[in-house]
Every structure is written in structure tokens, then in C-alpha cells.
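Participant: File final.csv below, CSV, N, CA and C atoms:
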```csv
chain,number,residue,atom,x,y,z
A,1,MET,N,-11.0,-24.3,11.5
A,1,MET,CA,-11.6,-23.3,12.3
A,1,MET,C,-12.9,-22.8,11.6
A,2,LYS,N,-14.0,-22.9,12.3
A,2,LYS,CA,-15.2,-22.4,11.7
A,2,LYS,C,-15.4,-20.9,12.0
A,3,THR,N,-15.9,-20.2,11.0
A,3,THR,CA,-16.1,-18.8,11.2
A,3,THR,C,-17.5,-18.6,11.8
A,4,ILE,N,-17.5,-17.9,12.9
A,4,ILE,CA,-18.8,-17.7,13.6
A,4,ILE,C,-19.5,-16.4,13.2
A,5,SER,N,-18.7,-15.3,13.0
A,5,SER,CA,-19.2,-14.0,12.6
A,5,SER,C,-18.5,-13.5,11.4
A,6,TYR,N,-19.3,-13.0,10.4
A,6,TYR,CA,-18.7,-12.4,9.2
A,6,TYR,C,-18.9,-10.9,9.1
A,7,ASN,N,-19.3,-10.3,10.2
A,7,ASN,CA,-19.6,-8.9,10.1
A,7,ASN,C,-18.8,-8.0,11.0
A,8,PRO,N,-17.6,-7.7,10.8
A,8,PRO,CA,-16.7,-8.4,9.9
A,8,PRO,C,-16.1,-9.6,10.6
A,9,SER,N,-15.5,-10.4,9.8
A,9,SER,CA,-14.8,-11.7,10.4
A,9,SER,C,-13.4,-11.3,10.9
A,10,SER,N,-13.0,-12.1,11.8
A,10,SER,CA,-11.6,-11.9,12.3
A,10,SER,C,-10.6,-12.1,11.2
A,11,LEU,N,-10.8,-13.0,10.3
A,11,LEU,CA,-9.9,-13.2,9.2
A,11,LEU,C,-9.8,-11.9,8.3
A,12,GLU,N,-11.0,-11.3,8.0
A,12,GLU,CA,-11.0,-10.0,7.3
A,12,GLU,C,-10.2,-9.0,8.0
A,13,LEU,N,-10.3,-8.9,9.3
A,13,LEU,CA,-9.6,-7.8,10.0
A,13,LEU,C,-8.1,-8.1,10.0
A,14,GLU,N,-7.7,-9.4,10.1
A,14,GLU,CA,-6.3,-9.8,10.1
A,14,GLU,C,-5.7,-9.4,8.7
A,15,PHE,N,-6.4,-9.6,7.6
A,15,PHE,CA,-6.0,-9.3,6.3
A,15,PHE,C,-5.8,-7.8,6.2
A,16,VAL,N,-6.7,-7.0,6.7
A,16,VAL,CA,-6.6,-5.5,6.7
A,16,VAL,C,-5.3,-5.1,7.4
A,17,GLU,N,-5.0,-5.6,8.5
A,17,GLU,CA,-3.8,-5.2,9.3
A,17,GLU,C,-2.5,-5.7,8.5
A,18,ALA,N,-2.6,-6.9,7.9
A,18,ALA,CA,-1.4,-7.4,7.2
A,18,ALA,C,-1.1,-6.5,6.0
A,19,ILE,N,-2.2,-6.1,5.3
A,19,ILE,CA,-1.9,-5.2,4.1
A,19,ILE,C,-1.4,-3.9,4.6
A,20,LEU,N,-1.9,-3.3,5.7
A,20,LEU,CA,-1.3,-2.1,6.2
A,20,LEU,C,0.2,-2.2,6.5
A,21,LYS,N,0.6,-3.3,7.1
A,21,LYS,CA,2.0,-3.5,7.4
A,21,LYS,C,2.8,-3.6,6.1
A,22,LEU,N,2.2,-4.0,5.0
A,22,LEU,CA,3.0,-4.1,3.7
A,22,LEU,C,2.9,-2.8,2.9
A,23,SER,N,2.5,-1.8,3.4
A,23,SER,CA,2.3,-0.5,2.6
A,23,SER,C,3.6,0.0,2.1
A,24,GLY,N,4.7,-0.2,2.8
A,24,GLY,CA,6.1,0.2,2.2
A,24,GLY,C,6.4,-0.7,1.0
A,25,GLU,N,6.1,-2.0,1.0
A,25,GLU,CA,6.4,-2.8,-0.1
A,25,GLU,C,5.5,-2.5,-1.3
A,26,ILE,N,4.2,-2.2,-0.9
A,26,ILE,CA,3.3,-1.8,-2.0
A,26,ILE,C,3.8,-0.5,-2.7
A,27,ASN,N,4.2,0.4,-1.9
A,27,ASN,CA,4.7,1.7,-2.4
A,27,ASN,C,5.9,1.4,-3.4
A,28,LYS,N,6.7,0.5,-3.1
A,28,LYS,CA,7.9,0.2,-4.0
A,28,LYS,C,7.4,-0.4,-5.3
A,29,ASN,N,6.2,-1.0,-5.3
A,29,ASN,CA,5.8,-1.8,-6.5
A,29,ASN,C,4.7,-1.1,-7.4
A,30,ILE,N,4.3,0.1,-7.0
A,30,ILE,CA,3.4,0.8,-7.9
A,30,ILE,C,4.2,1.9,-8.6
A,31,ASN,N,4.2,1.8,-9.9
A,31,ASN,CA,4.9,2.7,-10.8
A,31,ASN,C,4.3,4.1,-10.8
A,32,SER,N,5.1,5.1,-10.7
A,32,SER,CA,4.8,6.5,-10.9
A,32,SER,C,3.7,7.0,-9.9
A,33,ASN,N,3.5,6.3,-8.8
A,33,ASN,CA,2.6,6.8,-7.8
A,33,ASN,C,3.2,6.5,-6.4
A,34,ARG,N,2.8,7.3,-5.5
A,34,ARG,CA,3.3,7.0,-4.1
A,34,ARG,C,2.1,7.2,-3.2
A,35,ILE,N,2.1,6.4,-2.1
A,35,ILE,CA,1.0,6.4,-1.1
A,35,ILE,C,1.2,7.6,-0.2
A,36,LEU,N,0.2,8.4,-0.1
A,36,LEU,CA,0.3,9.6,0.8
A,36,LEU,C,-0.3,9.2,2.2
A,37,GLU,N,-1.4,8.4,2.1
A,37,GLU,CA,-2.1,8.1,3.3
A,37,GLU,C,-3.0,6.8,3.0
A,38,ILE,N,-3.3,6.1,4.1
A,38,ILE,CA,-4.2,4.9,4.0
A,38,ILE,C,-5.2,5.1,5.1
A,39,LYS,N,-6.4,5.1,4.8
A,39,LYS,CA,-7.5,5.1,5.8
A,39,LYS,C,-8.1,3.7,5.9
A,40,LYS,N,-8.4,3.2,7.1
A,40,LYS,CA,-9.0,1.9,7.2
A,40,LYS,C,-10.3,2.1,7.9
A,41,ASN,N,-11.3,1.3,7.5
A,41,ASN,CA,-12.6,1.2,8.1
A,41,ASN,C,-12.8,-0.2,8.5
A,42,ARG,N,-12.6,-0.5,9.8
A,42,ARG,CA,-12.8,-1.8,10.3
A,42,ARG,C,-14.2,-2.1,10.8
A,43,GLU,N,-15.0,-1.1,10.8
A,43,GLU,CA,-16.3,-1.2,11.4
A,43,GLU,C,-17.4,-1.8,10.4
A,44,GLU,N,-17.1,-1.7,9.1
A,44,GLU,CA,-18.0,-2.1,8.1
A,44,GLU,C,-18.1,-3.7,8.1
A,45,ASP,N,-19.2,-4.1,7.5
A,45,ASP,CA,-19.4,-5.6,7.4
A,45,ASP,C,-18.2,-6.1,6.6
A,46,ASN,N,-17.8,-5.5,5.5
A,46,ASN,CA,-16.6,-5.8,4.8
A,46,ASN,C,-15.6,-4.7,5.0
A,47,PRO,N,-14.5,-4.9,5.8
A,47,PRO,CA,-13.6,-3.8,6.1
A,47,PRO,C,-13.0,-3.3,4.8
A,48,SER,N,-12.6,-2.0,4.8
A,48,SER,CA,-12.0,-1.5,3.6
A,48,SER,C,-10.8,-0.6,3.9
A,49,LEU,N,-9.9,-0.5,2.9
A,49,LEU,CA,-8.8,0.4,3.0
A,49,LEU,C,-8.9,1.4,1.8
A,50,ILE,N,-8.7,2.6,2.1
A,50,ILE,CA,-8.7,3.6,1.0
A,50,ILE,C,-7.2,4.2,0.9
A,51,PHE,N,-6.6,4.0,-0.2
A,51,PHE,CA,-5.3,4.4,-0.5
A,51,PHE,C,-5.3,5.8,-1.2
A,52,PHE,N,-4.7,6.8,-0.6
A,52,PHE,CA,-4.7,8.1,-1.2
A,52,PHE,C,-3.3,8.2,-1.9
A,53,LEU,N,-3.2,8.4,-3.2
A,53,LEU,CA,-2.0,8.4,-3.9
A,53,LEU,C,-1.8,9.7,-4.6
A,54,GLU,N,-0.5,9.9,-5.0
A,54,GLU,CA,-0.1,11.0,-5.8
A,54,GLU,C,0.8,10.5,-6.9
A,55,ASP,N,0.5,10.9,-8.2
A,55,ASP,CA,1.4,10.5,-9.3
A,55,ASP,C,2.5,11.5,-9.5
A,56,GLU,N,3.3,11.2,-10.5
A,56,GLU,CA,4.5,12.0,-10.9
A,56,GLU,C,4.1,13.4,-11.2
A,57,ASP,N,2.9,13.6,-11.7
A,57,ASP,CA,2.5,15.0,-12.1
A,57,ASP,C,1.8,15.7,-10.9
A,58,GLY,N,1.8,15.1,-9.8
A,58,GLY,CA,1.1,15.7,-8.6
A,58,GLY,C,-0.4,15.5,-8.6
A,59,ASP,N,-0.9,14.8,-9.5
A,59,ASP,CA,-2.4,14.5,-9.5
A,59,ASP,C,-2.7,13.5,-8.4
A,60,LYS,N,-3.8,13.7,-7.7
A,60,LYS,CA,-4.2,12.8,-6.6
A,60,LYS,C,-5.2,11.7,-7.1
A,61,HIS,N,-5.0,10.5,-6.6
A,61,HIS,CA,-5.9,9.4,-6.9
A,61,HIS,C,-6.3,8.6,-5.7
A,62,GLU,N,-7.4,7.9,-5.7
A,62,GLU,CA,-7.8,7.0,-4.6
A,62,GLU,C,-8.0,5.6,-5.2
A,63,VAL,N,-7.6,4.6,-4.4
A,63,VAL,CA,-7.9,3.2,-4.7
A,63,VAL,C,-8.5,2.6,-3.4
A,64,VAL,N,-9.7,2.0,-3.6
A,64,VAL,CA,-10.4,1.4,-2.5
A,64,VAL,C,-10.3,-0.1,-2.6
A,65,MET,N,-9.9,-0.7,-1.5
A,65,MET,CA,-9.8,-2.2,-1.4
A,65,MET,C,-10.8,-2.6,-0.3
A,66,LYS,N,-11.7,-3.5,-0.7
A,66,LYS,CA,-12.6,-4.1,0.3
A,66,LYS,C,-12.2,-5.6,0.5
A,67,VAL,N,-12.2,-6.0,1.8
A,67,VAL,CA,-11.8,-7.3,2.1
A,67,VAL,C,-13.1,-8.1,2.5
A,68,ILE,N,-13.3,-9.2,1.7
A,68,ILE,CA,-14.5,-9.9,1.8
A,68,ILE,C,-14.2,-11.4,2.0
A,69,GLN,N,-14.6,-12.0,3.1
A,69,GLN,CA,-14.5,-13.4,3.3
A,69,GLN,C,-15.8,-14.1,2.9
A,70,ARG,N,-15.6,-15.0,2.0
A,70,ARG,CA,-16.8,-15.8,1.6
A,70,ARG,C,-17.2,-16.8,2.7
A,71,PRO,N,-18.5,-17.1,2.7
A,71,PRO,CA,-18.9,-18.1,3.8
A,71,PRO,C,-18.1,-19.4,3.6
A,72,ASP,N,-17.8,-20.0,4.8
A,72,ASP,CA,-17.1,-21.3,4.8
A,72,ASP,C,-17.9,-22.3,4.0
A,73,ARG,N,-17.1,-23.1,3.3
A,73,ARG,CA,-17.7,-24.3,2.6
A,73,ARG,C,-17.3,-25.5,3.3
A,74,HIS,N,-18.2,-26.4,3.5
A,74,HIS,CA,-18.0,-27.7,4.2
A,74,HIS,C,-18.4,-28.8,3.3
A,75,ASP,N,-17.4,-29.1,2.4
A,75,ASP,CA,-17.7,-30.2,1.4
A,75,ASP,C,-17.5,-31.5,1.9
```
Take the structure in this file and express it as C-alpha cells.
Facilitator:
Amino acid sequence: MKTISYNPSSLELEFVEAILKLSGEINKNINSNRILEIKKNREEDNPSLIFFLEDEDGDKHEVVMKVIQRPDRHD
């Protein structure tokens, strides 16, 4: 399948949704932190997810994940 549009691409958007569905599993696998909220931005060229976390001490943290599809290679 050839990618026609990369801004954002349908594959990038599918990955964002898949990661969101896995948030419970992600929460189980991050030590001493828990996910409070996830914000998604699907409108950007490269969609992003912002994870708002809280650690055991009650300190808040943010982790940003950008999803970037590289241009298709046709070797």
C-alpha cells in the first residue's frame, strides 16, 4: 500500500489509537508511576500523545510521544 498523505498519515493515526488502547498495559509496566491522563493531538503533521504521570511521591511528570512515519521506500 502506498502512502498518499503524511500530514498525518493514516498509519500514524492508527498507531496513536493502538497505543491509547494499550494504556492499561503500559500502566502495569512502568515502575513507580501511574498514568493520570493521556492527551492526544491527531491534528499535527506528526500526531502526539502526552502522558501525564504521577510517581510514588506524588510528583507529576509528563512524557511526550510523537508518531512519525518515514516516507515509503521503493527499493
Participant: Would you mind listing, for every residue of segment 6-54 of chain A within 10 Å of segment 59-67 of chain A, the two atoms forming the shortest contact and the distance between them in Å to one decimal, using only C-alpha atoms, sorted by chain and ascending residue number, as CSV?
Facilitator:
```
residue,atom,partner,partner_atom,distance
A:Pro8,CA,A:Val67,CA,9.3
A:Ser9,CA,A:Val67,CA,9.9
A:Leu11,CA,A:Val67,CA,9.4
A:Glu12,CA,A:Val67,CA,5.9
A:Leu13,CA,A:Val67,CA,8.2
A:Phe15,CA,A:Val67,CA,7.4
A:Val16,CA,A:Val67,CA,7.2
A:Asn33,CA,A:His61,CA,8.9
A:Arg34,CA,A:Lys60,CA,9.8
A:Ile35,CA,A:Glu62,CA,9.5
A:Leu36,CA,A:Lys60,CA,9.2
A:Glu37,CA,A:Glu62,CA,9.8
A:Ile38,CA,A:Glu62,CA,9.6
A:Lys39,CA,A:Val64,CA,9.5
A:Lys40,CA,A:Met65,CA,9.6
A:Asn41,CA,A:Lys66,CA,9.4
A:Arg42,CA,A:Val67,CA,9.9
A:Glu44,CA,A:Lys66,CA,9.7
A:Asp45,CA,A:Val67,CA,9.4
A:Asn46,CA,A:Val67,CA,5.7
A:Pro47,CA,A:Val67,CA,5.6
A:Ser48,CA,A:Lys66,CA,4.2
A:Leu49,CA,A:Met65,CA,5.2
A:Ile50,CA,A:Val64,CA,4.5
A:Phe51,CA,A:Val63,CA,5.1
A:Phe52,CA,A:Glu62,CA,4.7
A:Leu53,CA,A:His61,CA,5.0
A:Glu54,CA,A:Lys60,CA,4.5
```
Participant: Among segment 10-69 of chain A, which residues carry a DSSP assignment of strand (DSSP E or B), reported as a list of chain:residue names?
Facilitator: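 Taking segment 10-69 of chain A and keeping strand (DSSP E or B) only, one gets A:Asn33, A:Arg34, A:Ile35, A:Leu36, A:Glu37, A:Ile38, A:Lys39, A:Lys40, A:Asn41, A:Ser48, A:Leu49, A:Ile50, A:Phe51, A:Phe52, A:Leu53, A:Glu54, A:Asp55, A:Lys60, A:His61, A:Glu62, A:Val63, A:Val64, A:Met65, A:Lys66.
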Participant: State, in Å with one decimal place, the distance from atom CA of Tyr6 of chain A to atom CA of Ser23 of chain A.
Facilitator: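 For atom CA of Tyr6 of chain A relative to atom CA of Ser23 of chain A, the distance reads 25.0 Å.
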Participant: Mind giving me the straight-line distance from atom CA of Arg70 of chain A to atom N of Gly24 of chain A in Å, one decimal?
Facilitator: 26.6 Å
Participant: Which residues in chain A does DSSP call alpha helix (DSSP H)? List them as a list in words.
Facilitator: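 Filtering chain A down to alpha helix (DSSP H) leaves Ser10, Leu11, Glu12, Leu13, Glu14, Phe15, Val16, Glu17, Ala18, Ile19, Leu20, Lys21, Ser23, Gly24, Glu25, Ile26, Asn27, Lys28 and Asn29 of chain A.
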Participant: Could you tell me how far atom N of Ser32 of chain A lies from atom N of Glu56 of chain A, in Å and to one decimal?
Facilitator: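 So the two atoms, atom N of Ser32 of chain A and atom N of Glu56 of chain A, lie 6.4 Å apart.
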